[in-house]
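Here the structure comes first, spelled out in structure tokens, and everything after it is commentary.
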Amino acid sequence: MSRIFSGIQPSGELHIGNWLGAVQNWVHLQQSYDCLFCVVDLHAITGKYDAASLASRTHDMTVGLLAAGVDPEKATLFVQSQVPEHAELQWLLNTVTPLGELERMTQFKDKSQRVESIPAGILNYPILMAADILLYKADLVPVGEDQVQHLELTREIARRWNAEFGNGQDILPEPKPCSPRRSGSWGSTVRPRCQRAWEIRSGSWSRLKRYGQSSARR
């Protein structure tokens, strides 16, 4: 069974943009693939962020994913910072990643033109993304157009690592992109769960937390 890795930043409570952009695809993919879904809180600190709310936003996003239909019995759901190997592998991959490749990343160039001093974390962001994927030897990665360039860099990093340390073997497989599944309807199974994730009526957040807790126990 092919393995998929995908991550989402901890923006807080799950909203319609999260669902349409990634999560509806996750709910579908977990039925047919070995899926690892990650709340990428280390990525969230590459730029300016509110340190006081990061933990609560990470928790809220995780609960929201459970409520939206990510099933712990079918997929692995975890928080990035709870696995120190992500940061450790990023440091090792730094040693085979040319600076020029990082400076050519479109997102880095766009952000560096808007600020006088850009954090090194934004420059190294694609290496952490590569570490996320290569740590689990993922075969496929659902990516939007804005992440295709980063995934290609991940493939290049894997090639360089294998050439340097593989002794003729591909220690790190080169992940391939898979296009997000688009759907015009939610479907009878997913829709009730997803509605709980962004329902704005009074008391909806309490229901969401109860739903997430019951999902985690199953």
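Labeling convention for the structure tokens: chains A, B, ... as they appear, residues from 1 per chain, ligands from 1 in order of appearance.
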
Can you pull out the residues contacting A:Tyr125? Cut-off 8 Å, using only C-alpha atoms, and skip same-chain residues under 3 positions away; I want them as number ranges by chain.
A: 43, 46, 121-122, 128-129

Using only N, CA and C atoms, please write the residues we just selected to a file, as a PDB file, in the first residue's frame.
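Saved to selection_24.pdb:
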```
ATOM      1  N   HIS A  43       6.350  24.420  11.353  1.00  0.00           N
ATOM      2  CA  HIS A  43       6.247  25.305  10.198  1.00  0.00           C
ATOM      3  C   HIS A  43       5.593  26.630  10.583  1.00  0.00           C
ATOM      4  N   THR A  46       8.008  29.689  11.570  1.00  0.00           N
ATOM      5  CA  THR A  46       9.072  30.174  10.684  1.00  0.00           C
ATOM      6  C   THR A  46       9.003  31.684  10.496  1.00  0.00           C
ATOM      7  N   GLY A 121      14.402  31.000   8.998  1.00  0.00           N
ATOM      8  CA  GLY A 121      13.421  29.918   9.005  1.00  0.00           C
ATOM      9  C   GLY A 121      12.608  29.862   7.728  1.00  0.00           C
ATOM     10  N   ILE A 122      12.336  31.011   7.139  1.00  0.00           N
ATOM     11  CA  ILE A 122      11.584  31.030   5.881  1.00  0.00           C
ATOM     12  C   ILE A 122      12.438  30.473   4.745  1.00  0.00           C
ATOM     13  N   LEU A 128      12.600  21.676   5.955  1.00  0.00           N
ATOM     14  CA  LEU A 128      11.763  21.041   6.972  1.00  0.00           C
ATOM     15  C   LEU A 128      10.625  20.273   6.321  1.00  0.00           C
ATOM     16  N   MET A 129      10.068  20.830   5.272  1.00  0.00           N
ATOM     17  CA  MET A 129       9.025  20.114   4.534  1.00  0.00           C
ATOM     18  C   MET A 129       9.590  18.813   3.952  1.00  0.00           C
TER      19      MET A 129
END
```

Check stretch 47-196 of chain A with DSSP on the backbone and list each residue it calls strand (DSSP E or B), as a ChimeraX atom specification.
/A:75-79,140-142,176-178

Do you know which residues are at most 10 Å from stretch 73-83 of chain A counting only C-alpha atoms, after dropping those on the same chain fewer than 2 positions away, and could you put them as an MDAnalysis selection string?
chainID A and resid 4:10 26:27 29:43 58:59 62 65:66 70:71 85:88 132 215:216 218

Can those selected residues be exported to a file as a PDB file, in the first residue's frame so that it contains C-alpha atoms?
```pdb
ATOM      1  CA  ILE A   4       0.893   9.416   1.834  1.00  0.00           C
ATOM      2  CA  PHE A   5       2.149  12.274   3.997  1.00  0.00           C
ATOM      3  CA  SER A   6       0.330  15.569   4.299  1.00  0.00           C
ATOM      4  CA  GLY A   7       0.422  18.423   6.796  1.00  0.00           C
ATOM      5  CA  ILE A   8      -1.710  21.349   7.883  1.00  0.00           C
ATOM      6  CA  GLN A   9      -0.734  24.439   9.851  1.00  0.00           C
ATOM      7  CA  PRO A  10      -2.385  25.032  13.244  1.00  0.00           C
ATOM      8  CA  TRP A  26      -7.639  13.411   3.555  1.00  0.00           C
ATOM      9  CA  VAL A  27     -10.961  11.813   4.491  1.00  0.00           C
ATOM     10  CA  LEU A  29      -7.433   9.156   0.882  1.00  0.00           C
ATOM     11  CA  GLN A  30      -7.424   7.375   4.251  1.00  0.00           C
ATOM     12  CA  GLN A  31      -9.761   4.772   2.791  1.00  0.00           C
ATOM     13  CA  SER A  32      -7.191   3.530   0.277  1.00  0.00           C
ATOM     14  CA  TYR A  33      -3.693   4.547   1.433  1.00  0.00           C
ATOM     15  CA  ASP A  34      -1.372   4.347   4.406  1.00  0.00           C
ATOM     16  CA  CYS A  35      -1.871   7.981   5.449  1.00  0.00           C
ATOM     17  CA  LEU A  36       0.110  10.124   7.872  1.00  0.00           C
ATOM     18  CA  PHE A  37      -1.533  13.465   8.614  1.00  0.00           C
ATOM     19  CA  CYS A  38       0.393  16.032  10.611  1.00  0.00           C
ATOM     20  CA  VAL A  39      -0.388  19.331  12.344  1.00  0.00           C
ATOM     21  CA  VAL A  40       2.812  21.159  11.399  1.00  0.00           C
ATOM     22  CA  ASP A  41       3.382  23.495  14.341  1.00  0.00           C
ATOM     23  CA  LEU A  42       7.109  23.825  13.574  1.00  0.00           C
ATOM     24  CA  HIS A  43       6.247  25.305  10.198  1.00  0.00           C
ATOM     25  CA  THR A  58      -2.618  23.228  17.590  1.00  0.00           C
ATOM     26  CA  HIS A  59      -5.065  21.467  19.913  1.00  0.00           C
ATOM     27  CA  THR A  62      -6.296  18.463  15.892  1.00  0.00           C
ATOM     28  CA  LEU A  65      -9.576  17.155  12.074  1.00  0.00           C
ATOM     29  CA  LEU A  66     -11.055  14.336  14.132  1.00  0.00           C
ATOM     30  CA  VAL A  70      -9.961  11.862   9.976  1.00  0.00           C
ATOM     31  CA  ASP A  71     -10.183   8.418  11.565  1.00  0.00           C
ATOM     32  CA  GLU A  85      13.187  13.419  14.348  1.00  0.00           C
ATOM     33  CA  HIS A  86      11.561  15.974  12.039  1.00  0.00           C
ATOM     34  CA  ALA A  87      13.916  18.723  13.212  1.00  0.00           C
ATOM     35  CA  GLU A  88      16.865  16.322  13.458  1.00  0.00           C
ATOM     36  CA  ASP A 132       8.567  15.745   7.071  1.00  0.00           C
ATOM     37  CA  SER A 215     -13.455   9.758  17.938  1.00  0.00           C
ATOM     38  CA  ALA A 216     -10.100   9.492  19.734  1.00  0.00           C
ATOM     39  CA  ARG A 218     -12.678   4.556  19.203  1.00  0.00           C
TER      40      ARG A 218
END
```

With distances taken over only C-alpha atoms, which of A:Leu54, A:Leu172, A:Leu123, A:Ile16 is nearest to A:Lys111?
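Using only C-alpha atoms, the shortest distance to A:Lys111 belongs to A:Leu123.
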
Just the helix (DSSP H, G or I) stuff from stretch 45-125 of chain A, please, per backbone DSSP, written as a ChimeraX atom specification.
/A:45,51-68,80-82,85-94,99-103,106-114,120-125

Output of the above residues as a short mmCIF file (atom, residue, chain, number, x, y, z; two decimals), in the first residue's frame, restricted to N, CA and C atoms:
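Wrote it out as again-v1.cif, contents follow:
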```
data_model
loop_
_atom_site.label_atom_id
_atom_site.label_comp_id
_atom_site.auth_asym_id
_atom_site.auth_seq_id
_atom_site.Cartn_x
_atom_site.Cartn_y
_atom_site.Cartn_z
N ILE A 45 6.08 28.46 13.03
CA ILE A 45 6.93 29.42 13.74
C ILE A 45 8.07 29.95 12.86
N ALA A 51 3.09 33.21 20.18
CA ALA A 51 3.56 32.05 20.95
C ALA A 51 2.55 31.63 22.01
N ALA A 52 1.84 32.59 22.58
CA ALA A 52 0.91 32.28 23.67
C ALA A 52 -0.26 31.41 23.20
N SER A 53 -0.65 31.54 21.94
CA SER A 53 -1.81 30.80 21.46
C SER A 53 -1.47 29.59 20.61
N LEU A 54 -0.19 29.35 20.35
CA LEU A 54 0.18 28.27 19.44
C LEU A 54 -0.30 26.91 19.94
N ALA A 55 -0.11 26.63 21.22
CA ALA A 55 -0.52 25.32 21.75
C ALA A 55 -2.03 25.12 21.62
N SER A 56 -2.81 26.16 21.95
CA SER A 56 -4.26 26.01 21.86
C SER A 56 -4.72 25.90 20.42
N ARG A 57 -4.07 26.63 19.52
CA ARG A 57 -4.43 26.53 18.10
C ARG A 57 -4.10 25.14 17.55
N THR A 58 -2.99 24.58 18.01
CA THR A 58 -2.62 23.23 17.59
C THR A 58 -3.64 22.22 18.09
N HIS A 59 -4.05 22.36 19.34
CA HIS A 59 -5.06 21.47 19.91
C HIS A 59 -6.38 21.59 19.16
N ASP A 60 -6.81 22.83 18.91
CA ASP A 60 -8.09 23.05 18.24
C ASP A 60 -8.09 22.46 16.83
N MET A 61 -6.99 22.61 16.11
CA MET A 61 -6.91 22.05 14.77
C MET A 61 -6.97 20.52 14.82
N THR A 62 -6.30 19.92 15.78
CA THR A 62 -6.30 18.46 15.89
C THR A 62 -7.69 17.93 16.18
N VAL A 63 -8.39 18.58 17.11
CA VAL A 63 -9.76 18.18 17.42
C VAL A 63 -10.66 18.37 16.20
N GLY A 64 -10.46 19.47 15.49
CA GLY A 64 -11.25 19.73 14.29
C GLY A 64 -11.06 18.68 13.22
N LEU A 65 -9.84 18.19 13.07
CA LEU A 65 -9.58 17.16 12.07
C LEU A 65 -10.30 15.86 12.42
N LEU A 66 -10.32 15.52 13.70
CA LEU A 66 -11.06 14.34 14.13
C LEU A 66 -12.55 14.50 13.86
N ALA A 67 -13.05 15.69 14.17
CA ALA A 67 -14.47 15.95 13.96
C ALA A 67 -14.84 15.93 12.48
N ALA A 68 -13.91 16.32 11.62
CA ALA A 68 -14.19 16.38 10.19
C ALA A 68 -14.12 15.03 9.51
N GLN A 80 3.56 17.67 14.74
CA GLN A 80 4.94 17.64 14.24
C GLN A 80 5.99 17.76 15.35
N SER A 81 5.82 18.70 16.26
CA SER A 81 6.84 18.95 17.27
C SER A 81 6.98 17.81 18.28
N GLN A 82 5.98 16.92 18.31
CA GLN A 82 6.06 15.79 19.23
C GLN A 82 6.96 14.68 18.72
N GLU A 85 12.44 13.82 15.54
CA GLU A 85 13.19 13.42 14.35
C GLU A 85 12.93 14.32 13.15
N HIS A 86 11.81 15.04 13.14
CA HIS A 86 11.56 15.97 12.04
C HIS A 86 12.65 17.05 12.00
N ALA A 87 12.90 17.67 13.15
CA ALA A 87 13.92 18.72 13.21
C ALA A 87 15.32 18.14 13.05
N GLU A 88 15.54 16.95 13.58
CA GLU A 88 16.87 16.32 13.46
C GLU A 88 17.19 16.00 12.00
N LEU A 89 16.21 15.46 11.29
CA LEU A 89 16.46 15.14 9.88
C LEU A 89 16.61 16.42 9.06
N GLN A 90 15.89 17.45 9.41
CA GLN A 90 16.06 18.72 8.70
C GLN A 90 17.52 19.18 8.78
N TRP A 91 18.11 19.08 9.95
CA TRP A 91 19.50 19.51 10.11
C TRP A 91 20.43 18.69 9.23
N LEU A 92 20.20 17.40 9.15
CA LEU A 92 21.05 16.54 8.30
C LEU A 92 20.85 16.88 6.82
N LEU A 93 19.62 17.12 6.43
CA LEU A 93 19.35 17.44 5.02
C LEU A 93 19.91 18.79 4.62
N ASN A 94 20.11 19.68 5.61
CA ASN A 94 20.78 20.95 5.32
C ASN A 94 22.14 20.75 4.66
N LEU A 99 22.44 26.32 -1.15
CA LEU A 99 21.81 27.60 -0.82
C LEU A 99 21.07 28.17 -2.01
N GLY A 100 21.67 28.05 -3.20
CA GLY A 100 21.05 28.60 -4.40
C GLY A 100 19.66 28.02 -4.68
N GLU A 101 19.49 26.72 -4.38
CA GLU A 101 18.19 26.09 -4.59
C GLU A 101 17.14 26.71 -3.68
N LEU A 102 17.52 27.01 -2.44
CA LEU A 102 16.58 27.62 -1.50
C LEU A 102 16.23 29.04 -1.91
N GLU A 103 17.22 29.77 -2.38
CA GLU A 103 16.99 31.17 -2.77
C GLU A 103 16.15 31.28 -4.03
N THR A 106 10.11 30.29 -5.08
CA THR A 106 9.26 31.45 -5.37
C THR A 106 8.72 32.09 -4.10
N GLN A 107 8.29 31.29 -3.14
CA GLN A 107 7.73 31.85 -1.91
C GLN A 107 8.78 32.65 -1.15
N PHE A 108 10.01 32.15 -1.13
CA PHE A 108 11.07 32.89 -0.44
C PHE A 108 11.34 34.22 -1.14
N LYS A 109 11.41 34.20 -2.46
CA LYS A 109 11.68 35.43 -3.20
C LYS A 109 10.57 36.45 -2.99
N ASP A 110 9.32 35.99 -2.99
CA ASP A 110 8.20 36.91 -2.80
C ASP A 110 8.24 37.54 -1.41
N LYS A 111 8.48 36.72 -0.39
CA LYS A 111 8.47 37.24 0.98
C LYS A 111 9.68 38.12 1.25
N SER A 112 10.83 37.77 0.69
CA SER A 112 12.03 38.56 0.94
C SER A 112 11.96 39.94 0.30
N GLN A 113 11.15 40.09 -0.73
CA GLN A 113 10.99 41.40 -1.37
C GLN A 113 10.08 42.32 -0.57
N ARG A 114 9.29 41.73 0.35
CA ARG A 114 8.33 42.54 1.10
C ARG A 114 8.86 43.00 2.46
N ALA A 120 15.73 33.35 8.78
CA ALA A 120 16.33 32.19 8.11
C ALA A 120 15.36 31.02 8.07
N GLY A 121 14.40 31.00 9.00
CA GLY A 121 13.42 29.92 9.00
C GLY A 121 12.61 29.86 7.73
N ILE A 122 12.34 31.01 7.14
CA ILE A 122 11.58 31.03 5.88
C ILE A 122 12.44 30.47 4.74
N LEU A 123 13.73 30.77 4.78
CA LEU A 123 14.63 30.21 3.78
C LEU A 123 14.69 28.69 3.90
N ASN A 124 14.74 28.19 5.14
CA ASN A 124 14.90 26.75 5.38
C ASN A 124 13.59 25.98 5.45
N TYR A 125 12.50 26.70 5.31
CA TYR A 125 11.17 26.06 5.36
C TYR A 125 11.07 24.84 4.43
#
```
